[in-house]
>>> print(open('start.cif').read())   # mmCIF, C-alpha atoms and all ligand atoms
data_final
loop_
_atom_site.label_atom_id
_atom_site.label_comp_id
_atom_site.auth_asym_id
_atom_site.auth_seq_id
_atom_site.Cartn_x
_atom_site.Cartn_y
_atom_site.Cartn_z
CA MET A 513 2.44 12.45 17.01
CA SER A 514 -0.64 11.45 15.06
CA VAL A 515 -2.17 8.17 16.14
CA TYR A 516 -2.12 7.19 12.47
CA PHE A 517 1.57 6.47 12.88
CA GLN A 518 0.82 3.63 15.29
CA LYS A 519 1.25 0.33 13.50
CA THR A 520 -2.18 -1.15 14.14
CA HIS A 521 -3.86 2.11 13.22
CA GLN A 522 -2.17 2.25 9.84
CA ARG A 523 -4.37 -0.68 8.87
CA SER A 524 -8.04 0.02 9.36
CA PHE A 525 -10.92 -2.34 8.65
CA GLY A 526 -13.59 -0.68 6.50
CA THR A 527 -17.21 -1.62 7.10
CA TYR A 528 -18.92 -0.42 3.91
CA PRO A 529 -21.22 -1.90 2.54
CA LEU A 530 -21.56 -4.57 5.22
CA LYS A 531 -24.43 -4.82 7.67
CA GLY A 532 -25.92 -7.27 10.13
CA GLY A 533 -24.48 -10.78 10.39
CA GLU A 534 -22.09 -10.29 7.48
CA LEU A 535 -20.56 -7.25 9.17
CA ARG A 536 -20.43 -8.98 12.55
CA ASP A 537 -18.66 -12.04 11.15
CA ALA A 538 -16.12 -9.95 9.20
CA MET A 539 -15.38 -7.66 12.16
CA LEU A 540 -14.88 -10.57 14.56
CA ILE A 541 -12.42 -12.17 12.14
CA ALA A 542 -10.67 -8.81 11.68
CA ALA A 543 -10.32 -8.33 15.43
CA GLU A 544 -9.00 -11.88 15.81
CA VAL A 545 -6.48 -11.28 13.03
CA GLY A 546 -5.26 -8.14 14.81
CA TYR A 547 -7.22 -5.19 13.45
CA ARG A 548 -7.88 -2.54 16.09
CA ALA A 549 -8.95 0.30 13.82
CA PHE A 550 -12.46 0.21 12.34
CA ASP A 551 -14.04 2.65 9.90
CA THR A 552 -17.76 3.35 9.66
CA ALA A 553 -20.02 6.26 8.70
CA GLN A 554 -23.52 7.57 9.25
CA MET A 555 -24.17 7.01 5.53
CA TYR A 556 -23.37 3.29 5.80
CA GLU A 557 -26.33 2.77 8.16
CA ASN A 558 -24.31 0.20 10.08
CA GLU A 559 -23.09 2.10 13.15
CA LYS A 560 -25.37 0.09 15.44
CA ASP A 561 -24.15 -3.20 13.95
CA THR A 562 -20.57 -1.93 14.20
CA GLY A 563 -21.10 -1.02 17.87
CA ASP A 564 -22.57 -4.45 18.61
CA ALA A 565 -19.66 -6.20 16.88
CA LEU A 566 -17.07 -4.04 18.67
CA LYS A 567 -18.64 -5.04 21.96
CA GLU A 568 -18.62 -8.68 20.96
CA THR A 569 -14.86 -8.57 20.25
CA GLY A 570 -14.36 -8.14 24.00
CA LEU A 571 -11.54 -5.68 23.27
CA ALA A 572 -10.99 -2.87 25.75
CA ARG A 573 -12.03 0.59 24.57
CA GLU A 574 -8.47 1.92 24.77
CA GLU A 575 -7.28 -0.77 22.37
CA LEU A 576 -9.80 0.24 19.72
CA PHE A 577 -9.53 3.05 17.21
CA VAL A 578 -12.94 3.95 15.81
CA THR A 579 -13.61 6.35 12.97
CA THR A 580 -17.02 7.52 11.85
CA LYS A 581 -18.13 10.18 9.39
CA VAL A 582 -20.85 12.81 9.43
CA ASN A 583 -23.25 12.61 6.50
CA VAL A 584 -23.48 15.79 4.40
CA ALA A 585 -27.25 15.71 5.04
CA ASN A 586 -26.41 16.47 8.70
CA PHE A 587 -24.12 19.46 8.05
CA ASP A 588 -26.92 21.83 9.05
CA GLU A 589 -26.25 23.55 12.39
CA SER A 590 -29.53 22.21 13.79
CA ARG A 591 -28.59 18.58 13.07
CA PHE A 592 -24.80 18.21 13.15
CA LEU A 593 -24.07 17.66 16.86
CA ALA A 594 -27.28 15.70 17.44
CA SER A 595 -26.32 13.35 14.61
CA VAL A 596 -22.90 12.75 16.17
CA GLU A 597 -24.55 12.03 19.52
CA GLN A 598 -26.77 9.50 17.75
CA SER A 599 -23.67 7.92 16.14
CA LEU A 600 -22.07 7.55 19.57
CA LYS A 601 -25.24 6.01 20.95
CA ASP A 602 -25.35 3.51 18.08
CA LEU A 603 -21.64 2.74 18.41
CA GLN A 604 -22.09 2.46 22.19
CA LEU A 605 -19.13 4.75 22.77
CA ASP A 606 -18.67 7.97 24.74
CA GLN A 607 -16.29 9.30 22.12
CA VAL A 608 -14.95 8.22 18.74
CA ASP A 609 -11.25 8.41 18.00
CA VAL A 610 -11.68 10.29 14.75
CA LEU A 611 -14.72 12.06 13.36
CA LEU A 612 -14.62 12.84 9.65
CA LEU A 613 -16.72 15.02 7.40
CA HIS A 614 -17.70 12.40 4.83
CA TRP A 615 -17.79 14.74 1.83
CA PRO A 616 -17.28 18.43 1.19
CA PRO A 617 -20.64 20.18 0.79
CA ALA A 618 -21.97 20.56 -2.77
CA ASP A 619 -21.42 24.35 -2.79
CA GLY A 620 -17.74 23.86 -1.86
CA ASP A 621 -18.02 26.16 1.19
CA ILE A 622 -16.24 24.02 3.76
CA ALA A 623 -16.08 26.55 6.60
CA PRO A 624 -19.50 25.97 8.28
CA SER A 625 -19.19 22.16 8.52
CA LEU A 626 -15.55 22.36 9.61
CA LYS A 627 -16.51 24.70 12.43
CA LEU A 628 -19.26 22.31 13.56
CA LEU A 629 -16.76 19.45 13.39
CA ASP A 630 -14.40 21.40 15.61
CA GLN A 631 -17.26 22.03 18.04
CA ALA A 632 -17.85 18.28 18.25
CA ARG A 633 -14.18 17.88 19.18
CA ALA A 634 -14.35 20.69 21.74
CA ARG A 635 -17.35 18.95 23.33
CA GLY A 636 -15.40 15.71 23.61
CA LEU A 637 -17.56 13.76 21.16
CA THR A 638 -14.39 12.87 19.28
CA ARG A 639 -10.71 12.79 20.17
CA ASP A 640 -9.54 13.97 16.75
CA ILE A 641 -11.06 15.35 13.60
CA GLY A 642 -10.53 14.73 9.92
CA VAL A 643 -12.03 15.12 6.49
CA SER A 644 -12.72 12.95 3.48
CA ASN A 645 -12.81 13.53 -0.26
CA TYR A 646 -11.22 16.97 0.08
CA THR A 647 -9.36 18.52 -2.85
CA VAL A 648 -5.94 20.20 -2.55
CA LYS A 649 -7.60 23.61 -2.33
CA MET A 650 -9.91 22.41 0.43
CA MET A 651 -7.00 20.89 2.37
CA ARG A 652 -5.25 24.28 2.32
CA GLU A 653 -8.43 26.13 3.31
CA ALA A 654 -9.15 23.65 6.10
CA ARG A 655 -5.65 24.01 7.49
CA ALA A 656 -6.11 27.80 7.62
CA LEU A 657 -9.58 27.61 9.18
CA ILE A 658 -9.03 25.15 12.04
CA GLU A 659 -6.37 25.25 14.71
CA ALA A 660 -6.76 21.66 15.93
CA PRO A 661 -4.81 19.05 13.97
CA ILE A 662 -6.72 17.55 11.05
CA VAL A 663 -5.50 13.98 11.35
CA THR A 664 -6.51 12.69 7.93
CA ASN A 665 -8.05 13.30 4.54
CA GLN A 666 -9.55 9.92 3.59
CA VAL A 667 -9.53 9.62 -0.18
CA GLU A 668 -9.65 7.08 -2.99
CA PHE A 669 -6.09 5.80 -3.16
CA HIS A 670 -4.75 2.81 -5.11
CA PRO A 671 -2.11 2.21 -7.79
CA LEU A 672 -4.51 2.76 -10.70
CA LEU A 673 -5.06 6.44 -9.85
CA ASN A 674 -2.52 9.25 -9.68
CA GLN A 675 -2.94 11.14 -6.41
CA ASP A 676 0.43 12.94 -6.48
CA LYS A 677 -1.22 16.34 -6.05
CA LEU A 678 -2.95 15.20 -2.87
CA LEU A 679 0.28 13.62 -1.62
CA ALA A 680 2.10 16.92 -2.13
CA ALA A 681 -0.74 18.75 -0.35
CA ALA A 682 -0.46 16.30 2.56
CA VAL A 683 3.19 17.28 2.98
CA GLU A 684 2.43 20.97 2.54
CA THR A 685 -0.53 21.11 4.95
CA GLY A 686 0.50 18.39 7.40
CA ILE A 687 -2.83 16.61 6.83
CA PRO A 688 -1.96 12.93 6.25
CA LEU A 689 -3.92 10.88 3.71
CA SER A 690 -5.69 7.61 4.37
CA SER A 691 -6.97 5.34 1.62
CA TYR A 692 -10.27 3.91 0.56
CA CYS A 693 -10.87 1.57 -2.38
CA SER A 694 -7.31 0.44 -1.62
CA VAL A 695 -7.50 -2.56 -3.96
CA ALA A 696 -9.73 -0.56 -6.34
CA ARG A 697 -12.58 -2.90 -5.37
CA GLY A 698 -10.76 -5.75 -7.08
CA LYS A 699 -9.76 -3.94 -10.31
CA VAL A 700 -6.03 -4.16 -9.41
CA PHE A 701 -6.22 -7.94 -9.84
CA GLU A 702 -6.74 -7.48 -13.60
CA TYR A 703 -3.14 -6.24 -13.88
CA PRO A 704 -0.43 -8.94 -13.67
CA LEU A 705 2.32 -6.57 -12.43
CA PHE A 706 1.32 -6.76 -8.75
CA GLY A 707 1.35 -10.56 -8.68
CA GLN A 708 4.65 -10.61 -10.58
CA ILE A 709 6.28 -8.26 -8.06
CA GLY A 710 4.74 -10.30 -5.25
CA GLU A 711 6.61 -13.43 -6.33
CA ALA A 712 9.93 -11.84 -5.34
CA TYR A 713 8.65 -11.04 -1.84
CA GLY A 714 6.51 -14.13 -1.22
CA LYS A 715 3.44 -11.86 -1.05
CA SER A 716 0.13 -11.68 -2.94
CA ALA A 717 -0.91 -8.98 -5.41
CA ALA A 718 -3.18 -7.41 -2.76
CA GLN A 719 -0.32 -7.27 -0.26
CA ILE A 720 1.95 -5.57 -2.80
CA VAL A 721 -0.74 -2.97 -3.51
CA LEU A 722 -1.33 -2.28 0.19
CA ARG A 723 2.39 -2.10 0.93
CA TRP A 724 2.80 0.42 -1.90
CA ILE A 725 0.08 2.56 -0.30
CA LEU A 726 1.80 2.45 3.10
CA GLN A 727 5.17 3.33 1.58
CA LYS A 728 3.54 6.37 -0.06
CA GLY A 729 2.94 7.54 3.53
CA VAL A 730 -0.78 6.74 3.42
CA SER A 731 -2.59 4.65 6.02
CA ILE A 732 -4.89 1.96 4.65
CA ASN A 733 -8.54 1.09 4.87
CA THR A 734 -9.56 -2.28 3.49
CA MET A 735 -12.73 -4.28 3.60
CA SER A 736 -13.13 -7.98 3.07
CA THR A 737 -15.62 -10.63 4.09
CA LYS A 738 -13.15 -13.51 3.70
CA ARG A 739 -10.75 -14.66 6.42
CA LYS A 740 -7.99 -15.36 3.91
CA ASN A 741 -8.18 -11.82 2.48
CA ILE A 742 -8.59 -10.17 5.89
CA GLU A 743 -5.44 -11.95 7.08
CA ALA A 744 -3.50 -11.06 3.93
CA ASN A 745 -4.51 -7.40 4.11
CA PHE A 746 -3.25 -7.14 7.69
CA ASP A 747 -0.01 -9.00 7.00
CA VAL A 748 1.86 -6.22 5.21
CA MET A 749 4.31 -5.00 7.84
CA ASP A 750 7.14 -7.52 7.43
CA PHE A 751 8.56 -6.52 4.06
CA THR A 752 9.61 -3.40 2.19
CA LEU A 753 9.18 -2.76 -1.51
CA SER A 754 12.38 -1.66 -3.24
CA ASN A 755 12.57 1.79 -4.81
CA ILE A 756 12.51 0.16 -8.24
CA ASP A 757 9.33 -1.78 -7.47
CA MET A 758 7.75 1.36 -5.99
CA ALA A 759 8.56 3.16 -9.25
CA ARG A 760 7.14 0.31 -11.37
CA ILE A 761 3.89 0.56 -9.42
CA ASP A 762 3.96 4.38 -9.57
CA ALA A 763 3.88 4.04 -13.37
CA MET A 764 0.52 2.20 -13.09
CA THR A 765 -1.15 5.35 -11.74
CA ALA A 766 -1.28 6.63 -15.34
CA THR A 767 -4.22 4.20 -15.77
CA GLY A 768 -6.43 6.95 -14.32
CA TYR A 769 -9.11 4.60 -12.97
CA ARG A 770 -11.34 6.49 -10.52
CA ILE A 771 -14.17 4.59 -8.83
CA VAL A 772 -15.84 7.21 -6.66
CA GLY A 773 -16.45 10.16 -8.95
CA LYS A 774 -19.40 12.31 -9.99
CA ASP A 775 -21.26 9.42 -11.66
CA LEU A 776 -21.44 7.62 -8.29
CA VAL A 777 -21.64 10.71 -6.09
CA PRO A 778 -23.20 13.61 -8.06
CA PHE A 779 -22.11 16.21 -5.48
CA ALA A 780 -18.46 15.09 -5.55
CA PRO A 781 -16.04 17.99 -5.99
CA ASP A 782 -13.89 18.42 -9.11
CA PHE A 783 -11.07 16.16 -7.98
CA ASP A 784 -7.45 17.16 -8.65
N1 LIG A 801 -14.69 8.10 2.65
C1 LIG A 801 -15.35 7.61 1.63
O1 LIG A 801 -16.01 8.35 0.87
C2 LIG A 801 -15.30 6.13 1.36
C3 LIG A 801 -15.73 5.64 0.12
C4 LIG A 801 -15.64 4.25 -0.10
C5 LIG A 801 -15.16 3.42 0.89
N2 LIG A 801 -14.75 3.92 2.11
C6 LIG A 801 -14.23 3.06 3.19
O2 LIG A 801 -13.10 2.33 2.75
C7 LIG A 801 -13.30 0.92 2.94
C8 LIG A 801 -12.57 0.14 1.86
O3 LIG A 801 -12.97 0.54 0.57
P1 LIG A 801 -13.87 -0.37 -0.37
O4 LIG A 801 -14.43 -1.48 0.43
O5 LIG A 801 -14.80 0.52 -1.07
O6 LIG A 801 -12.86 -0.91 -1.46
P2 LIG A 801 -11.69 -2.01 -1.48
O7 LIG A 801 -11.14 -2.24 -0.11
O8 LIG A 801 -10.80 -1.58 -2.58
O9 LIG A 801 -12.44 -3.30 -2.03
C9 LIG A 801 -13.18 -4.18 -1.27
C10 LIG A 801 -13.44 -5.40 -2.14
O10 LIG A 801 -12.19 -6.00 -2.47
C11 LIG A 801 -12.19 -7.39 -2.12
N3 LIG A 801 -10.91 -7.67 -1.44
C12 LIG A 801 -10.44 -7.08 -0.33
N4 LIG A 801 -9.23 -7.59 -0.01
C13 LIG A 801 -8.95 -8.53 -0.94
C14 LIG A 801 -7.85 -9.40 -1.14
N5 LIG A 801 -6.79 -9.44 -0.30
N6 LIG A 801 -7.88 -10.24 -2.21
C15 LIG A 801 -8.94 -10.23 -3.06
N7 LIG A 801 -10.01 -9.43 -2.92
C16 LIG A 801 -10.02 -8.58 -1.87
C17 LIG A 801 -13.35 -7.60 -1.18
O11 LIG A 801 -13.99 -8.82 -1.50
P3 LIG A 801 -14.05 -10.08 -0.46
O12 LIG A 801 -15.07 -9.73 0.55
O13 LIG A 801 -14.45 -11.17 -1.38
O14 LIG A 801 -12.66 -10.25 0.10
C18 LIG A 801 -14.29 -6.42 -1.46
O15 LIG A 801 -15.28 -6.79 -2.37
C19 LIG A 801 -14.84 0.78 2.94
O16 LIG A 801 -15.24 -0.41 3.55
C20 LIG A 801 -15.24 2.03 3.69
O17 LIG A 801 -15.09 1.82 5.09
C21 LIG A 801 -14.81 5.27 2.33
#
>>> encode(input="start.cif", output="structure tokens", more="lines below")
Ligand SMILES: NC(=O)c1ccc[n+]([C@@H]2O[C@H](COP(=O)([O-])OP(=O)(O)OC[C@H]3O[C@@H](n4cnc5c(N)ncnc54)[C@H](OP(=O)(O)O)[C@@H]3O)[C@@H](O)[C@H]2O)c1
Amino acid sequence: MSVYFQKTHQRSFGTYPLKGGELRDAMLIAAEVGYRAFDTAQMYENEKDTGDALKETGLAREELFVTTKVNVANFDESRFLASVEQSLKDLQLDQVDVLLLHWPPADGDIAPSLKLLDQARARGLTRDIGVSNYTVKMMREARALIEAPIVTNQVEFHPLLNQDKLLAAAVETGIPLSSYCSVARGKVFEYPLFGQIGEAYGKSAAQIVLRWILQKGVSINTMSTKRKNIEANFDVMDFTLSNIDMARIDAMTATGYRIVGKDLVPFAPDFD
């Protein structure tokens, strides 16, 4: 069974765009609150700071669940594995738990980078492999190309964006989704519905949003620098949204608010 089904791993602490002391402080709070899964990337230029903070938590390696992502700039055969070795050195780990391809390549040909990713797994540099920002078509292609389980496609996922096509592809391909921009970088708070629903459960708007994501079968990544928010984001396992409330939130996806698209990342694929 995928490790993503473990309770602590369904809630991952994202590290972007934090660095240095700010990252350290946030990660130490997150670990204290109960987070065991941490998400970084070569592109974030904070793997060394993340490694230092992980060490400072004093948590045993087997308790931690660390994800990093290979930068598209390192997809070349001459750089890929060396870049992952550098990530491990910076993270001060022998192996990460999941290694993701951060983005599909600009030309859309996913086969070469997926094969290199699988080589990294075969060499023991990572326990599992995954992808990020893949379209439905790419999820299908990836499933056909690689025999090892692909444990996640990490994508933008929040109630202001309809990702039903990706959800259907997750069921079809067996590649589970995980979220980023889970609270739409704060945009969800402009809509009163989440707070209104929260009143019935004794939960905040953010907690309602995160619970909705979990109940869609998607594991969550959240980032916060504030203890109160870090605690709230972790405290989402003791209630269940009713089918009616799920449907009310589903209706919000018609908003069509995408944060990470071509204007932010020019080489982003044509998302479904
Ligand atoms: N794979 C990819 O391409 C990709 C792209 C983007 C992000 N990511 C990953 O996903 C993680 C999360 O995404 P994100 O940070 O972009 O977006 P996010 O989690 O939607 O938003 C983070 C922002 O929301 C605020 N926030 C968080 N929890 C809150 C709460 N309970 N109440 C009020 N405000 C709250 C935080 O501010 P405060 O600090 O004030 O709480 C922070 O500014 C990143 O850190 C990164 O690891 C991956």
>>> closest_atom_pairs(input="start.cif", of="range 601-691 of chain A", to="range 553-568 of chain A", cutoff="12 Å", atoms="all atoms listed in the file", output="CSV")
residue,atom,partner,partner_atom,distance
A:Lys601,CA,A:Lys560,CA,8.1
A:Asp602,CA,A:Lys560,CA,4.3
A:Leu603,CA,A:Gly563,CA,3.8
A:Gln604,CA,A:Gly563,CA,5.6
A:Leu605,CA,A:Gly563,CA,7.8
A:Asp606,CA,A:Gly563,CA,11.6
A:Val608,CA,A:Gly563,CA,11.1
A:Val610,CA,A:Ala553,CA,11.1
A:Leu611,CA,A:Ala553,CA,9.1
A:Leu612,CA,A:Ala553,CA,8.6
A:Leu613,CA,A:Ala553,CA,9.5
A:His614,CA,A:Ala553,CA,7.6
A:Trp615,CA,A:Met555,CA,10.7
A:Ser644,CA,A:Ala553,CA,11.2
>>> closest_atom_pairs(input="start.cif", of="range 523-569 of chain A", to="range 729-736 of chain A", cutoff="7 Å", atoms="only C-alpha atoms", output="JSON lines")
{"residue": "A:Arg523", "atom": "CA", "partner": "A:Ile732", "partner_atom": "CA", "distance": 5.0}
{"residue": "A:Ser524", "atom": "CA", "partner": "A:Asn733", "partner_atom": "CA", "distance": 4.6}
{"residue": "A:Phe525", "atom": "CA", "partner": "A:Thr734", "partner_atom": "CA", "distance": 5.3}
{"residue": "A:Gly526", "atom": "CA", "partner": "A:Met735", "partner_atom": "CA", "distance": 4.7}
{"residue": "A:Thr527", "atom": "CA", "partner": "A:Met735", "partner_atom": "CA", "distance": 6.3}
>>> residues_near_ligand(input="start.cif", ligand="ligand LIG 801 (chain A)", cutoff="7 Å", atoms="only C-alpha atoms and all ligand atoms", output="ChimeraX atom specification")
/A:525-529,551-552,614-615,644-645,666-668,691-698,718-719,733-738,741-742,744-745,772
>>> closest_residue(input="start.cif", among="A:Lys774, A:Arg739, A:Asp757, A:Arg548", to="Tyr713 in chain A", atoms="all atoms listed in the file")
A:Asp757
>>> closest_residue(input="start.cif", among="A:Asp775, A:Leu679, A:Lys740, A:Ile709", to="Thr752 in chain A", atoms="only C-alpha atoms")
A:Ile709
>>> residues_around(input="start.cif", residues="Asn674 in chain A", least_positions_apart="4", cutoff="12 Å", atoms="all atoms listed in the file", output="list in words")
Val667, Glu668, Phe669, His670, Leu678, Leu679, Ala680, Ile725, Lys728, Ile761, Asp762, Ala763, Met764, Thr765, Ala766, Thr767, Gly768, Tyr769, Arg770, Phe783 and Asp784 of chain A
>>> atom_distance(input="start.cif", atom1="CA of Gln727 in chain A", atom2="CA of Asn665 in chain A")
16.8 Å
>>> residues_around(input="start.cif", residues="range 623-638 of chain A", least_positions_apart="3", cutoff="9 Å", atoms="all atoms listed in the file", output="PyMOL selection string")
chain A and resi 582+584+587-589+592-593+596-597+600+606-613+616-617+641-643+653-654+657-660
>>> atom_distance(input="start.cif", atom1="CA of His521 in chain A", atom2="CA of Ala549 in chain A")
5.4 Å
>>> atom_distance(input="start.cif", atom1="CA of Tyr703 in chain A", atom2="CA of Ala717 in chain A")
9.2 Å
>>> closest_residue(input="start.cif", among="A:Ala712, A:Val721, A:Val777, A:Leu576", to="Leu672 in chain A", atoms="all atoms listed in the file")
A:Val721
>>> closest_residue(input="start.cif", among="A:Gly532, A:Arg760, A:Gln675, A:Ser590", to="Gln708 in chain A", atoms="only C-alpha atoms")
A:Arg760
>>> closest_residue(input="start.cif", among="A:Gly773, A:Gly714, A:Pro778, A:Pro688", to="Val748 in chain A", atoms="all atoms listed in the file")
A:Gly714
>>> decode(input="start.cif", residues="range 581-590 of chain A", atoms="all heavy atoms", output="mmCIF file, in the first residue's frame")
data_model
loop_
_atom_site.group_PDB
_atom_site.id
_atom_site.type_symbol
_atom_site.label_atom_id
_atom_site.label_comp_id
_atom_site.auth_asym_id
_atom_site.auth_seq_id
_atom_site.Cartn_x
_atom_site.Cartn_y
_atom_site.Cartn_z
ATOM 1 N N LYS A 581 12.411 17.191 -5.443
ATOM 2 C CA LYS A 581 12.024 17.174 -6.860
ATOM 3 C C LYS A 581 13.210 17.579 -7.729
ATOM 4 O O LYS A 581 13.934 18.520 -7.382
ATOM 5 C CB LYS A 581 10.879 18.160 -7.121
ATOM 6 C CG LYS A 581 9.786 18.134 -6.067
ATOM 7 C CD LYS A 581 8.643 19.077 -6.370
ATOM 8 C CE LYS A 581 7.729 19.238 -5.172
ATOM 9 N NZ LYS A 581 8.253 20.161 -4.144
ATOM 10 N N VAL A 582 13.367 16.887 -8.844
ATOM 11 C CA VAL A 582 14.464 17.199 -9.755
ATOM 12 C C VAL A 582 14.033 18.354 -10.666
ATOM 13 O O VAL A 582 12.965 18.322 -11.274
ATOM 14 C CB VAL A 582 14.854 15.961 -10.606
ATOM 15 C CG1 VAL A 582 16.057 16.285 -11.485
ATOM 16 C CG2 VAL A 582 15.145 14.758 -9.721
ATOM 17 N N ASN A 583 14.904 19.352 -10.723
ATOM 18 C CA ASN A 583 14.687 20.527 -11.571
ATOM 19 C C ASN A 583 14.771 20.128 -13.049
ATOM 20 O O ASN A 583 15.651 19.349 -13.421
ATOM 21 C CB ASN A 583 15.801 21.536 -11.231
ATOM 22 C CG ASN A 583 15.607 22.868 -11.897
ATOM 23 O OD1 ASN A 583 14.805 23.017 -12.818
ATOM 24 N ND2 ASN A 583 16.363 23.855 -11.434
ATOM 25 N N VAL A 584 13.890 20.662 -13.858
ATOM 26 C CA VAL A 584 13.907 20.362 -15.305
ATOM 27 C C VAL A 584 15.297 20.642 -15.905
ATOM 28 O O VAL A 584 15.727 19.941 -16.819
ATOM 29 C CB VAL A 584 12.839 21.197 -16.057
ATOM 30 C CG1 VAL A 584 12.824 20.856 -17.534
ATOM 31 C CG2 VAL A 584 11.460 20.944 -15.474
ATOM 32 N N ALA A 585 15.993 21.637 -15.380
ATOM 33 C CA ALA A 585 17.329 21.981 -15.887
ATOM 34 C C ALA A 585 18.312 20.823 -15.702
ATOM 35 O O ALA A 585 19.369 20.792 -16.334
ATOM 36 C CB ALA A 585 17.844 23.223 -15.171
ATOM 37 N N ASN A 586 17.955 19.857 -14.840
ATOM 38 C CA ASN A 586 18.836 18.703 -14.604
ATOM 39 C C ASN A 586 18.336 17.426 -15.277
ATOM 40 O O ASN A 586 18.806 16.332 -14.958
ATOM 41 C CB ASN A 586 18.990 18.458 -13.095
ATOM 42 C CG ASN A 586 19.789 19.568 -12.443
ATOM 43 O OD1 ASN A 586 20.731 20.082 -13.041
ATOM 44 N ND2 ASN A 586 19.416 19.956 -11.230
ATOM 45 N N PHE A 587 17.396 17.541 -16.203
ATOM 46 C CA PHE A 587 16.849 16.349 -16.852
ATOM 47 C C PHE A 587 17.820 15.728 -17.851
ATOM 48 O O PHE A 587 17.609 14.629 -18.320
ATOM 49 C CB PHE A 587 15.518 16.667 -17.562
ATOM 50 C CG PHE A 587 14.332 16.742 -16.629
ATOM 51 C CD1 PHE A 587 14.500 16.665 -15.251
ATOM 52 C CD2 PHE A 587 13.048 16.896 -17.128
ATOM 53 C CE1 PHE A 587 13.402 16.747 -14.396
ATOM 54 C CE2 PHE A 587 11.943 16.970 -16.279
ATOM 55 C CZ PHE A 587 12.122 16.891 -14.916
ATOM 56 N N ASP A 588 18.894 16.453 -18.186
ATOM 57 C CA ASP A 588 19.891 15.915 -19.099
ATOM 58 C C ASP A 588 20.572 14.700 -18.464
ATOM 59 O O ASP A 588 20.834 14.687 -17.263
ATOM 60 C CB ASP A 588 20.941 16.996 -19.379
ATOM 61 C CG ASP A 588 21.850 16.595 -20.501
ATOM 62 O OD1 ASP A 588 21.491 16.893 -21.645
ATOM 63 O OD2 ASP A 588 22.884 15.955 -20.222
ATOM 64 N N GLU A 589 20.835 13.679 -19.307
ATOM 65 C CA GLU A 589 21.432 12.437 -18.813
ATOM 66 C C GLU A 589 22.737 12.672 -18.054
ATOM 67 O O GLU A 589 23.055 11.966 -17.098
ATOM 68 C CB GLU A 589 21.670 11.500 -20.001
ATOM 69 C CG GLU A 589 21.626 10.051 -19.588
ATOM 70 C CD GLU A 589 21.766 9.104 -20.758
ATOM 71 O OE1 GLU A 589 21.390 9.472 -21.890
ATOM 72 O OE2 GLU A 589 22.259 7.989 -20.509
ATOM 73 N N SER A 590 23.484 13.708 -18.473
ATOM 74 C CA SER A 590 24.790 13.962 -17.851
ATOM 75 C C SER A 590 24.647 14.608 -16.466
ATOM 76 O O SER A 590 25.602 14.654 -15.701
ATOM 77 C CB SER A 590 25.618 14.870 -18.756
ATOM 78 O OG SER A 590 24.976 16.121 -18.865
#
